[in-house]
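Novice: Below you will find the structure I want to go over with you.
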Number of protein chains: 4
Amino acid sequence: MKTIGHLINGTLQVDNGRTQDVYNPSTGEVSKQVALASKATVEEAIAAAEAAFPAWRNTPPLRRARIMFRFKELLEQNSQRILELIGEEHGKISHDAMGELQRGIENVEYACGAPELLKGEHSKNVGPDIDSWSEFQPLGVVAGITPFNFPAMVPLWMFPMAIVCGNCFVLKPSERNPSSAMFIAQLLQEAGLPNGVMNVVNGDKEAVDTLLEDKRVQAVSFVGSTPIAEYIYTTANANGKRCQALGGAKNHAIIMPDADMDNAVNHLLGAAFGSSGERCMALSVAVAVGDKAADTLVEKMQEAMKSLKVGAYSDKSNDFGPVITKAHQEKVVGYINSAEEQGAKIVVDGRNPKVPGYENGFFVGGTLIDNVSPDMLSYKEEIFGPVLQVMRVNSMQEAMDLIDAHEYGNGTCIFTRDGEAARYFSDNIQVGMVGINVPLPVPVAYHSFGGWKRSLFGDLSAYGPDSVRFYTRRKTITQRWPSASLREGAQFAFPS
Amino acid sequence: MKTIGHLINGTLQVDNGRTQDVYNPSTGEVSKQVALASKATVEEAIAAAEAAFPAWRNTPPLRRARIMFRFKELLEQNSQRILELIGEEHGKISHDAMGELQRGIENVEYACGAPELLKGEHSKNVGPDIDSWSEFQPLGVVAGITPFNFPAMVPLWMFPMAIVCGNCFVLKPSERNPSSAMFIAQLLQEAGLPNGVMNVVNGDKEAVDTLLEDKRVQAVSFVGSTPIAEYIYTTANANGKRCQALGGAKNHAIIMPDADMDNAVNHLLGAAFGSSGERCMALSVAVAVGDKAADTLVEKMQEAMKSLKVGAYSDKSNDFGPVITKAHQEKVVGYINSAEEQGAKIVVDGRNPKVPGYENGFFVGGTLIDNVSPDMLSYKEEIFGPVLQVMRVNSMQEAMDLIDAHEYGNGTCIFTRDGEAARYFSDNIQVGMVGINVPLPVPVAYHSFGGWKRSLFGDLSAYGPDSVRFYTRRKTITQRWPSASLREGAQFAFPS
Amino acid sequence: MKTIGHLINGTLQVDNGRTQDVYNPSTGEVSKQVALASKATVEEAIAAAEAAFPAWRNTPPLRRARIMFRFKELLEQNSQRILELIGEEHGKISHDAMGELQRGIENVEYACGAPELLKGEHSKNVGPDIDSWSEFQPLGVVAGITPFNFPAMVPLWMFPMAIVCGNCFVLKPSERNPSSAMFIAQLLQEAGLPNGVMNVVNGDKEAVDTLLEDKRVQAVSFVGSTPIAEYIYTTANANGKRCQALGGAKNHAIIMPDADMDNAVNHLLGAAFGSSGERCMALSVAVAVGDKAADTLVEKMQEAMKSLKVGAYSDKSNDFGPVITKAHQEKVVGYINSAEEQGAKIVVDGRNPKVPGYENGFFVGGTLIDNVSPDMLSYKEEIFGPVLQVMRVNSMQEAMDLIDAHEYGNGTCIFTRDGEAARYFSDNIQVGMVGINVPLPVPVAYHSFGGWKRSLFGDLSAYGPDSVRFYTRRKTITQRWPSASLREGAQFAFPS
Amino acid sequence: MKTIGHLINGTLQVDNGRTQDVYNPSTGEVSKQVALASKATVEEAIAAAEAAFPAWRNTPPLRRARIMFRFKELLEQNSQRILELIGEEHGKISHDAMGELQRGIENVEYACGAPELLKGEHSKNVGPDIDSWSEFQPLGVVAGITPFNFPAMVPLWMFPMAIVCGNCFVLKPSERNPSSAMFIAQLLQEAGLPNGVMNVVNGDKEAVDTLLEDKRVQAVSFVGSTPIAEYIYTTANANGKRCQALGGAKNHAIIMPDADMDNAVNHLLGAAFGSSGERCMALSVAVAVGDKAADTLVEKMQEAMKSLKVGAYSDKSNDFGPVITKAHQEKVVGYINSAEEQGAKIVVDGRNPKVPGYENGFFVGGTLIDNVSPDMLSYKEEIFGPVLQVMRVNSMQEAMDLIDAHEYGNGTCIFTRDGEAARYFSDNIQVGMVGINVPLPVPVAYHSFGGWKRSLFGDLSAYGPDSVRFYTRRKTITQRWPSASLREGAQFAFPS
């Protein structure tokens, strides 16, 4: 059985240490092993990154960007292989994996603009004959720790911008599905990146803690659950590192009485069930304003869900695939059970999906729950499964209060065609990413991604313009040349 | 004896709690009392700020900026009173206090540009008929904790930008010299600020810890020593707050063999001894490249120091005044003693300055120490007194290695007229603020202030463009209007 | 009788040349004389500006900005005097003149941000060890030629930004109402501006042509009618000058069936009749979609106009005052006559207003015309009077086609609450300044003002960010320091 | 013999109209014919562009940028073919043509950043509940008219940015060497550009005048000689078009006494003789400060020029090739003759170069002329040949006065290692592109290219950030939603 190792200083390697099973969630079977890096292995990667830094830092941004141009080409040429790796280990259907990869590639495209993005500000005459300007210099060695749910995209949120800014990178992808990130890193190497600038270590807490504690690591980017994000953030900060840690979410859509309901249902379908709901931007709660809107929504959604198809990643006609593990499958079902027990109505029940030929796969079918209330467990916590919960309120303000009361503040959306309602909502809601008739308001790669409240720890958002600031340090130079001696001294004419 | 209280919700108040002596460092006598706020008093200030927030947040930036325009006028009209308050409690001579105030006012001038500075980025057609834009929304209640050495300027680094961005502020100034900040806050009130937007609480650790722990406080800005900065930073972060904490420094100037030596000496004089060296940007170490440069420097500096005059703040002909406390005076003298004991040469000795009529003032005279080496205590720690230490190295690289090996990375400077040397230095030195023939490279108000290494904890620099980012949260809105029904439906002609 | 002269090199002067009458349009009487500068006088002003340029160019932007801060204070302190001067010579009621002045002051406030606005872009390592940055350097002597309708505001659109960017200015205000601009220029002088940086010459075509032909004038800004704007633009360009020339307008509002009609009527009232319609952003055509919207609009507007009060500037209860001249009064009435003759319906007739005590004033009352069609003279040309014309169309597309077919493209507006309609309109309409439920979409001072089509000649818009680009020239510096000789040569240790 | 036609609406076509000879300058022989478009043919191209505009304008910038990503790949894959086409028709040696192409590709790389570059500015609450933002909308059909000397690069300065901003383009390349631009346009087509977005017409004055007069063409970009640039600019402006016209140059280098002379000579060699001096940024005048610097310069340059090799493009060991035509060869020789006649000293004489096997090629050898004075014809006019003229002055100020007195202000350079001299020079010199030890200070693609004085007609510079402004129109939208009726009306609870 294949063992997935590490990419250190341009070389693939496997040490003789601990390993862990990698499953195919569609079949429920172990398909590979992944090496779990020891402290020494992680330190080797850090050392390689540190050694590569001085030359890479001095490479002109335009040349660094050209490697990203080439990297984009290679990602596109090898996209089928990447989708296959994602499917095997995550279970995502290829159209969904393609969406993920495409979003990742957009970050590479943004990184190609590094020469523009790294411009500093130049001020002439801040005082008489004194000039001042800012430079955004790379940090050195930086690390990324990424989750299972977007095994290709989230790493691509981080390392292209980090590297194009002049840093060297150590990535620790999810040990549940490490292959796509590893393959992508090899493509970057193939694109012409010098050895040591990009490194990948697989591992578990030992690897993570090594990254968090090593003095040579200047910054850590993390995406995962909120408790881990908080741990990463406070630990990294206490160790003198810059950190950005993205956590969980509970994303609500408000359905206004004037919403185009067919459009809303159509969009909610993908936003709630796509990728089995294992997205930090999944739209998991629909808040209908008024019973009429709620009734219509539930009715149309129920109808639309009849054609939803859950199944193995290998069949492109499926809408979504399995969840990541057996344990997670059970957890999702547990949330549905608890909602039922707490008085909600299971309108569409996905607890026992039939997936012929894949009886051991970790499947949960699309589930619709009505009459959910704020005190229910299934509402308070992030389910991370293909479950859409419907809540009913009597006014838009009540819907907004509900959203603002939740601990998370990642994404939210309103369905309406009324300009005033949309503007009031987007202005006042305490959520970082807001959609107006857009159920998954993930900012494009040239804007930045950032939730509010306990969905993000850190001052700056991820990718886009903010990532330039996160991956560089501002240096301000103030310059005065003291006297005109050479200039005025260079007089060669004889006095007359 | 007067007791300095608190400014809460637009009203000056003194509770019947603990107080502490405020000294006049020029005479060594207690001149006032300062109230030390209890937890309840600080919470009252926070509550006032929170109550003022919704209306202030919705006030258009242009109107908020207009209060800053008026505030600038009032600061200028009342400058003499401010200088007097600084002099009485800090001991700074009025020309130096005027420099401090002027730098503070420049931050108010920058805040007047809020409408420009708060612009977000708007992208048309991020997808077909989908637009996206970013808004930089205020955080809510934010706090500032400021040091004794710039009792007017450092508060002005913080609250004008915080407030003009739409936040409400609680300031805890240094309890050693709180009057100037309190007076300035009253001027802001007079400029038309609504009650509760700006609050000042005096206090000690109880006040600080309340600000760090209260959930309503969204962000904390701090300037002080490195150990406290680190405590503030990790505590604030652990409590879910955004934080920016500026600490200590050890700022070196490299004197190159081609430097214009008279110019360098002239600049170093002010940079080393101005404000008794109690500045985080004080130039406290001169690193001469080659003995010839060193000998010339020491000789010329010794000569120039003959005219240096230390004394009470009330005499404008003095160059600098006392240090802040008796204890600090003893600490500075202790560093000079230690240098002497460890083998350095005290070229000019300021340990027993004569200040007739002010025999109990906390004075230390300008001191020049030659042959300092990296292992000496006086080199490793921040002295924060009127002491310039000279080190001798054999090459520019050796000088740079020395600087990079120090734990602090606030400011540094090179004296040369060689373009190449200047560029190599500014590019490679691991320090955040770099001067080329500028010994105090404090960025102007429209750039940002930030040291590297253990001189600043946080991702963003202070004041200037970075302060907009620190005092706001990015929100990204993505908008699609679903159908053309109204537009196309509004057809009133009869079909022919 | 007082003769208004010129401000040249800091001194008021009147030459013994030609003069012209200045009227009080409310009484119809001549109240002052204005000097008409000869070519020699204009050249004297240009020479003064040229002489002042080298020192002003080298004055740090922050210091230039501080004069603008002081200028703002003086404008506010002297606002009553300015309103009086505007009223006397233009006829504008003080509340309207205050609006004009306020808009003008906002441009001064924007100019206070010069240090931020003049920042160039700095790129490190455009090649190995090569840096490049841009500077925005002032042009030298620049001129402004301004119209009668905003005698204070339009000059303030130009010279504060021109001057704060480092240029020296020659203003030629309208000879019909030159006093407010002259008074304002004196306030700028009082604010501390060095002599010669700001000059005002009054005059007619001789003055204009001198400004257009003199080689020392680097740029010309103009606001007026389209035929003159076109002449100014092509002449200035042919003479090697940069030019920005703003001309006429015909601003339409689309009234959608879902518009909040009371709100629309209320806004249209001010937008159509304010300042007697003598605004390039006046809303002079309302295009109603569907007869129901049209009928409601006309009915409600007719009702609202009953309380409209035209009269002398000295009575603050008036809504608007006279038009600028007898000739213009006749021209406006002529347009109303022509509309009537061409078949339109005069719903409210302002041709013979009663203004007791001011029988010779140049008054036209508020006029509402319904059933206007595109072929009518009153539609094709700019009326510049208190006349609102209503057109009726059957669809939003028809309304947009009408707007796009007109030669002007200054401002336009839609009244709707539908997000989709608003977005489609603002995206596609061929007009530079678009309002959504905002009938006078004049950009705020920190955005830029610019019509499309024959409403503006030039690449850049007026005031705001674009004015920085218009009043400066980009210079790009590319720098490489050739060798490390000094740095590496400074080795003083003996080889071991 | 092959006839090069036009690319219109995605199709190559040749009409039966006039043609002109295309020479191989290395052999002096006619190698191809080029079609000269009639007015009708040009109008056909304009019509194709206009028809393609609505769809292209609405294509999201990210999708437009992706075609540029693909275009870059194709340019790189086909670079050998492009170099061959340039060599055949222009005579440039492949290493030089590669430099040209590389610079062109950098503009394509910059265009890939369109989503970032097209961001507008968004202001929340410009008034209560009023927002305002700017959009940079494409112009429509725009044209480019390009010169022979950079047959690939100058077109690439224009159309990638114009097209990625959403415009449709008509290119008229030089009729002397049209093949490379035509081939490049086909590659863009192959990259996925919709038909009609990019069109190429070959032609002469008839084609140019059609482009200048047709109302559908919104903007014209031109690079060529100053008299033609001026004609294009005034004609385009008079016809209501936006225009940017780049003309001639006379670029001086100041050689300071402290310059690293070997480095200077080495750089001057390429800057003066590369591409036979047929570059608007060619460094054609060296101004030595002091006779010692002059003597050293001339001596070292003379020595260095011994190895300079002129010859046919097909031999890569040549340093530069022929000039463009027989007539131009004679003109260049005429300038050398005139300098000699006016008293200058021909140090190295390239008037009769030997190029065995290419006796009829249009060759001029590298020529060095000393003792040139400002009154000489060879100094006053642009030679555009491989001729370096040396002038001798007694001070840096004298050198700067010389540069400032010249009618052109394209590029200039100083050789020094003195920071103060470099800063004084770059600050004060009246030239748009300044090098410090960089003899060809052509801004990189992410800065903008623009000379001053009579080297550029227009407000904005070419390519880089300025090109976004040139190829788009600013539109400012101001939005207020009138009432909260829907939001507040949606209350479904029964009153209690």
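Just remember, in the structure tokens the first chain shown is A, the second B, etc., residues are 1-based per chain, and ligands are 1-based in the order shown.
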Could you pull out the residues in region 23-272 of chain C that DSSP calls strand (DSSP E) from the backbone, as an mmCIF file with C-alpha atoms, in the first residue's frame?
Specialist:
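out.cif, written as the output of this step:
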```
data_model
loop_
_atom_site.group_PDB
_atom_site.id
_atom_site.type_symbol
_atom_site.label_atom_id
_atom_site.label_comp_id
_atom_site.auth_asym_id
_atom_site.auth_seq_id
_atom_site.Cartn_x
_atom_site.Cartn_y
_atom_site.Cartn_z
ATOM 1 C CA TYR C 23 -25.740 93.803 -12.058
ATOM 2 C CA ASN C 24 -27.818 92.929 -9.046
ATOM 3 C CA GLU C 29 -29.699 97.455 -11.471
ATOM 4 C CA VAL C 30 -25.996 97.959 -12.046
ATOM 5 C CA SER C 31 -24.279 97.833 -8.702
ATOM 6 C CA LYS C 32 -20.564 97.698 -9.453
ATOM 7 C CA GLN C 33 -17.990 97.771 -12.188
ATOM 8 C CA VAL C 34 -15.519 95.050 -12.962
ATOM 9 C CA ALA C 35 -12.150 95.750 -14.565
ATOM 10 C CA GLY C 120 3.783 57.782 -5.499
ATOM 11 C CA GLU C 121 4.263 54.078 -6.064
ATOM 12 C CA HIS C 122 7.519 52.457 -4.970
ATOM 13 C CA SER C 123 8.717 49.140 -6.366
ATOM 14 C CA LYS C 124 11.641 47.342 -4.831
ATOM 15 C CA ASN C 125 13.704 45.119 -7.107
ATOM 16 C CA VAL C 126 12.129 45.758 -10.470
ATOM 17 C CA GLY C 127 15.300 44.001 -11.493
ATOM 18 C CA ILE C 130 17.077 48.035 -9.159
ATOM 19 C CA ASP C 131 14.277 50.081 -7.620
ATOM 20 C CA SER C 132 11.719 52.256 -9.353
ATOM 21 C CA TRP C 133 9.191 54.753 -8.101
ATOM 22 C CA SER C 134 6.852 57.420 -9.367
ATOM 23 C CA GLU C 135 6.521 61.009 -8.253
ATOM 24 C CA PHE C 136 3.625 63.298 -9.080
ATOM 25 C CA GLN C 137 5.270 66.661 -9.659
ATOM 26 C CA PRO C 138 3.412 69.960 -10.065
ATOM 27 C CA VAL C 141 1.512 77.859 -13.693
ATOM 28 C CA VAL C 142 -2.057 76.708 -14.230
ATOM 29 C CA ALA C 143 -5.209 78.668 -14.972
ATOM 30 C CA GLY C 144 -8.898 78.371 -14.174
ATOM 31 C CA ILE C 145 -11.782 79.977 -16.037
ATOM 32 C CA CYS C 168 0.718 78.449 -8.917
ATOM 33 C CA PHE C 169 -2.685 79.612 -10.097
ATOM 34 C CA VAL C 170 -4.312 82.314 -12.194
ATOM 35 C CA LEU C 171 -8.098 82.430 -11.861
ATOM 36 C CA LYS C 172 -10.394 84.264 -14.226
ATOM 37 C CA MET C 198 -2.752 82.565 -6.201
ATOM 38 C CA ASN C 199 -3.758 85.315 -8.607
ATOM 39 C CA VAL C 200 -7.133 86.514 -9.856
ATOM 40 C CA VAL C 217 0.598 78.426 -18.622
ATOM 41 C CA GLN C 218 0.817 74.629 -18.393
ATOM 42 C CA ALA C 219 -2.821 73.736 -17.923
ATOM 43 C CA VAL C 220 -6.297 75.223 -18.099
ATOM 44 C CA SER C 221 -9.435 74.161 -16.245
ATOM 45 C CA PHE C 222 -12.732 75.443 -17.539
ATOM 46 C CA VAL C 223 -16.408 75.173 -16.661
ATOM 47 C CA ARG C 242 -3.208 70.169 -20.638
ATOM 48 C CA CYS C 243 -6.923 71.019 -20.515
ATOM 49 C CA GLN C 244 -10.106 69.975 -18.797
ATOM 50 C CA ALA C 245 -13.244 71.715 -20.061
ATOM 51 C CA LEU C 246 -16.705 71.052 -18.641
ATOM 52 C CA ASN C 251 -30.170 65.752 -16.915
ATOM 53 C CA HIS C 252 -33.032 63.270 -16.951
ATOM 54 C CA ALA C 253 -34.707 61.419 -14.114
ATOM 55 C CA ILE C 254 -36.509 58.188 -14.859
ATOM 56 C CA ILE C 255 -39.599 57.715 -12.711
#
```
Novice: With a cut-off of 6 Å and counting only C-alpha atoms, select all residues of chain B in contact with chain A and give the selection as a ChimeraX atom specification.
Specialist: /B:432-437,441,475-480
Novice: When you look at Gly247 (chain D) with a cut-off of 6 Å (counting only C-alpha atoms), what residues show up, excluding the ones that are within fewer than 6 positions of it in the same chain? I need them as a PDB file with C-alpha atoms, in the first residue's frame.
Specialist:
```
ATOM      1  CA  GLY D 224       6.024  57.924 -33.603  1.00  0.00           C
ATOM      2  CA  SER D 225       7.799  61.169 -34.373  1.00  0.00           C
ATOM      3  CA  THR D 226       6.853  64.432 -32.681  1.00  0.00           C
ATOM      4  CA  ALA D 229       2.282  62.862 -32.813  1.00  0.00           C
ATOM      5  CA  SER D 455       7.901  63.905 -26.179  1.00  0.00           C
ATOM      6  CA  LEU D 456       4.313  63.141 -25.174  1.00  0.00           C
TER       7      LEU D 456
END
```
Novice: Would you please give, as number ranges by chain, all residues of region 90-149 of chain B that DSSP assigns to helix (DSSP H, G or I) based on the backbone?
Specialist: B: 90, 94-111, 114-117
Novice: Mind writing the picked residues with N, CA and C atoms as a tab-separated table (two decimals), in the first residue's frame?
Specialist:
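Okay, out_9.tsv is ready:
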```
chain	number	residue	atom	x	y	z
B	90	HIS	N	5.97	65.92	33.28
B	90	HIS	CA	6.98	65.09	32.64
B	90	HIS	C	8.36	65.72	32.74
B	94	SER	N	9.83	73.20	26.87
B	94	SER	CA	8.70	73.53	26.00
B	94	SER	C	8.99	73.32	24.52
B	95	HIS	N	10.23	73.57	24.04
B	95	HIS	CA	10.49	73.33	22.61
B	95	HIS	C	10.35	71.85	22.28
B	96	ASP	N	10.73	71.02	23.22
B	96	ASP	CA	10.60	69.58	23.00
B	96	ASP	C	9.13	69.16	23.11
B	97	ALA	N	8.44	69.71	24.08
B	97	ALA	CA	7.01	69.41	24.22
B	97	ALA	C	6.24	69.90	23.00
B	98	MET	N	6.68	71.01	22.44
B	98	MET	CA	6.03	71.52	21.23
B	98	MET	C	6.23	70.55	20.08
B	99	GLY	N	7.45	69.99	19.99
B	99	GLY	CA	7.70	68.97	18.96
B	99	GLY	C	6.77	67.79	19.14
B	100	GLU	N	6.62	67.36	20.38
B	100	GLU	CA	5.72	66.25	20.67
B	100	GLU	C	4.28	66.58	20.27
B	101	LEU	N	3.84	67.76	20.67
B	101	LEU	CA	2.46	68.14	20.37
B	101	LEU	C	2.25	68.24	18.86
B	102	GLN	N	3.24	68.82	18.18
B	102	GLN	CA	3.13	68.98	16.73
B	102	GLN	C	2.96	67.63	16.05
B	103	ARG	N	3.77	66.67	16.47
B	103	ARG	CA	3.65	65.31	15.93
B	103	ARG	C	2.27	64.73	16.22
B	104	GLY	N	1.75	65.06	17.39
B	104	GLY	CA	0.41	64.59	17.73
B	104	GLY	C	-0.64	65.22	16.83
B	105	ILE	N	-0.51	66.53	16.63
B	105	ILE	CA	-1.47	67.24	15.78
B	105	ILE	C	-1.45	66.67	14.35
B	106	GLU	N	-0.27	66.27	13.91
B	106	GLU	CA	-0.20	65.70	12.56
B	106	GLU	C	-1.07	64.46	12.41
B	107	ASN	N	-1.25	63.73	13.50
B	107	ASN	CA	-2.16	62.59	13.44
B	107	ASN	C	-3.61	63.04	13.36
B	108	VAL	N	-3.91	64.17	13.96
B	108	VAL	CA	-5.26	64.72	13.83
B	108	VAL	C	-5.48	65.20	12.39
B	109	GLU	N	-4.47	65.83	11.83
B	109	GLU	CA	-4.57	66.25	10.42
B	109	GLU	C	-4.82	65.04	9.52
B	110	TYR	N	-4.12	63.97	9.80
B	110	TYR	CA	-4.32	62.76	8.98
B	110	TYR	C	-5.75	62.24	9.14
B	111	ALA	N	-6.25	62.30	10.37
B	111	ALA	CA	-7.61	61.83	10.64
B	111	ALA	C	-8.65	62.65	9.88
B	114	ALA	N	-10.32	61.18	6.71
B	114	ALA	CA	-11.06	59.92	6.87
B	114	ALA	C	-11.89	59.53	5.65
B	115	PRO	N	-12.61	60.46	5.03
B	115	PRO	CA	-13.45	60.02	3.89
B	115	PRO	C	-12.62	59.35	2.79
B	116	GLU	N	-11.41	59.84	2.59
B	116	GLU	CA	-10.53	59.22	1.60
B	116	GLU	C	-10.01	57.88	2.13
B	117	LEU	N	-9.62	57.88	3.38
B	117	LEU	CA	-8.94	56.72	3.94
B	117	LEU	C	-9.87	55.52	4.12
```
Novice: Neighbouring residues of region 350-360 of chain C were defined as those with any atom within 12 Å, considering only C-alpha atoms; residues of the same chain fewer than 2 positions away were excluded. Please report them as a ChimeraX atom specification.
Specialist: /C:23-30,91,273,276,305-306,308-315,318,320-323,325-326,329-337,340,346-348,362-369,385-388
Novice: One decimal, in Å: what's the spacing between CA of Glu488 (chain B) and CA of Val285 (chain C)?
Specialist: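 Computing it gives 22.2 Å between the two atoms.
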Novice: Determine, counting only C-alpha atoms, which protein, DNA and RNA residues have an atom within 10 Å of an atom of region 394-398 of chain D; residues of the same chain fewer than 2 positions away are not included. Present the result as a PyMOL selection string.
Specialist: (chain A and resi 486-494) or (chain D and resi 254-257+287-291+392+400-404+414+421+425)
Novice: Which of these, B:Ser179, B:Cys112, B:Ile93, B:Leu156, has the shortest distance to Thr3 (chain B) once you count only C-alpha atoms?
Specialist: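 Closest to Thr3 (chain B) of all the choices is B:Ser179.
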Novice: Hey, what's within 9 Å of region 50-53 of chain A if we count only C-alpha atoms and toss same-chain stuff fewer than 4 positions away? As a tab-separated table (two decimals) with N, CA, C and O atoms, in the first residue's frame, please?
Specialist:
```
chain	number	residue	atom	x	y	z
A	9	ASN	N	12.74	20.34	0.67
A	9	ASN	CA	13.86	20.83	-0.14
A	9	ASN	C	13.83	20.27	-1.56
A	9	ASN	O	14.86	19.92	-2.13
A	45	ALA	N	12.31	20.35	7.37
A	45	ALA	CA	11.59	21.17	6.38
A	45	ALA	C	11.77	22.66	6.69
A	45	ALA	O	11.98	23.48	5.78
A	46	ILE	N	11.70	23.00	7.96
A	46	ILE	CA	11.88	24.40	8.34
A	46	ILE	C	13.29	24.86	7.96
A	46	ILE	O	13.49	25.96	7.43
A	57	ARG	N	14.12	35.74	-1.36
A	57	ARG	CA	13.75	37.10	-0.96
A	57	ARG	C	14.31	38.13	-1.95
A	57	ARG	O	13.68	39.14	-2.23
A	58	ASN	N	15.50	37.87	-2.44
A	58	ASN	CA	16.13	38.83	-3.36
A	58	ASN	C	15.77	38.63	-4.82
A	58	ASN	O	16.20	39.39	-5.68
A	140	GLY	N	9.97	35.54	6.02
A	140	GLY	CA	10.95	34.46	6.16
A	140	GLY	C	10.24	33.14	5.95
A	140	GLY	O	9.59	32.93	4.93
A	141	VAL	N	10.32	32.25	6.96
A	141	VAL	CA	9.64	30.95	6.86
A	141	VAL	C	8.23	31.08	7.42
A	141	VAL	O	8.05	31.56	8.54
A	166	GLY	N	7.74	36.48	-1.36
A	166	GLY	CA	9.16	36.30	-1.03
A	166	GLY	C	9.44	35.40	0.15
A	166	GLY	O	10.59	35.27	0.57
A	167	ASN	N	8.39	34.77	0.69
A	167	ASN	CA	8.57	33.87	1.82
A	167	ASN	C	8.86	32.44	1.36
A	167	ASN	O	8.61	32.09	0.20
A	168	CYS	N	9.31	31.62	2.29
A	168	CYS	CA	9.43	30.18	2.05
A	168	CYS	C	8.39	29.50	2.93
A	168	CYS	O	8.06	29.98	4.01
A	194	PRO	N	12.67	27.26	-6.84
A	194	PRO	CA	13.91	26.70	-6.27
A	194	PRO	C	13.59	25.76	-5.11
A	194	PRO	O	12.61	25.96	-4.38
A	195	ASN	N	14.43	24.78	-4.93
A	195	ASN	CA	14.26	23.83	-3.83
A	195	ASN	C	14.21	24.55	-2.49
A	195	ASN	O	14.94	25.51	-2.25
A	196	GLY	N	13.33	24.06	-1.64
A	196	GLY	CA	13.27	24.58	-0.27
A	196	GLY	C	12.29	25.72	-0.10
A	196	GLY	O	11.92	26.04	1.03
A	197	VAL	N	11.87	26.34	-1.18
A	197	VAL	CA	10.92	27.45	-1.04
A	197	VAL	C	9.54	26.91	-0.65
A	197	VAL	O	8.83	27.52	0.14
A	216	ARG	N	12.04	29.73	14.17
A	216	ARG	CA	12.31	30.15	12.80
A	216	ARG	C	11.04	30.40	11.98
A	216	ARG	O	11.08	31.07	10.96
A	217	VAL	N	9.94	29.82	12.44
A	217	VAL	CA	8.67	30.03	11.73
A	217	VAL	C	8.11	31.39	12.15
A	217	VAL	O	7.90	31.65	13.33
```
Novice: Could you work out how far CA of Glu382 (chain D) lies from CA of Lys250 (chain D), giving the answer in Å with one decimal?
Specialist: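 It comes out at 5.9 Å.
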Novice: Report, in Å to a single decimal, how far apart CA of Pro128 (chain A) and CA of Val265 (chain B) are.
Specialist: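 Between CA of Val265 (chain B) and CA of Pro128 (chain A) the gap works out to 19.7 Å.
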Novice: Which residue out of A:Glu88, A:Asp214, A:Asp129, A:Glu341 has the minimum interatomic distance to Leu377 (chain A) when only C-alpha atoms are used?
Specialist: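 When distances to Leu377 (chain A) are compared using only C-alpha atoms, the smallest one comes from A:Glu341.
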Novice: Can you tell me, as a CSV table (one decimal) with C-alpha atoms, in the first residue's frame, what residues are no more than 8 Å from Thr210 (chain B) when counting only C-alpha atoms, ignoring any on the same chain fewer than 4 positions away?
Specialist:
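Result written to part-v6.csv:
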```csv
chain,number,residue,atom,x,y,z
B,39,LYS,CA,-13.2,48.2,38.0
B,42,VAL,CA,-13.8,51.6,34.0
B,43,GLU,CA,-16.9,49.6,33.3
B,206,GLU,CA,-6.9,47.3,38.0
B,214,ASP,CA,-14.2,43.2,29.4
```
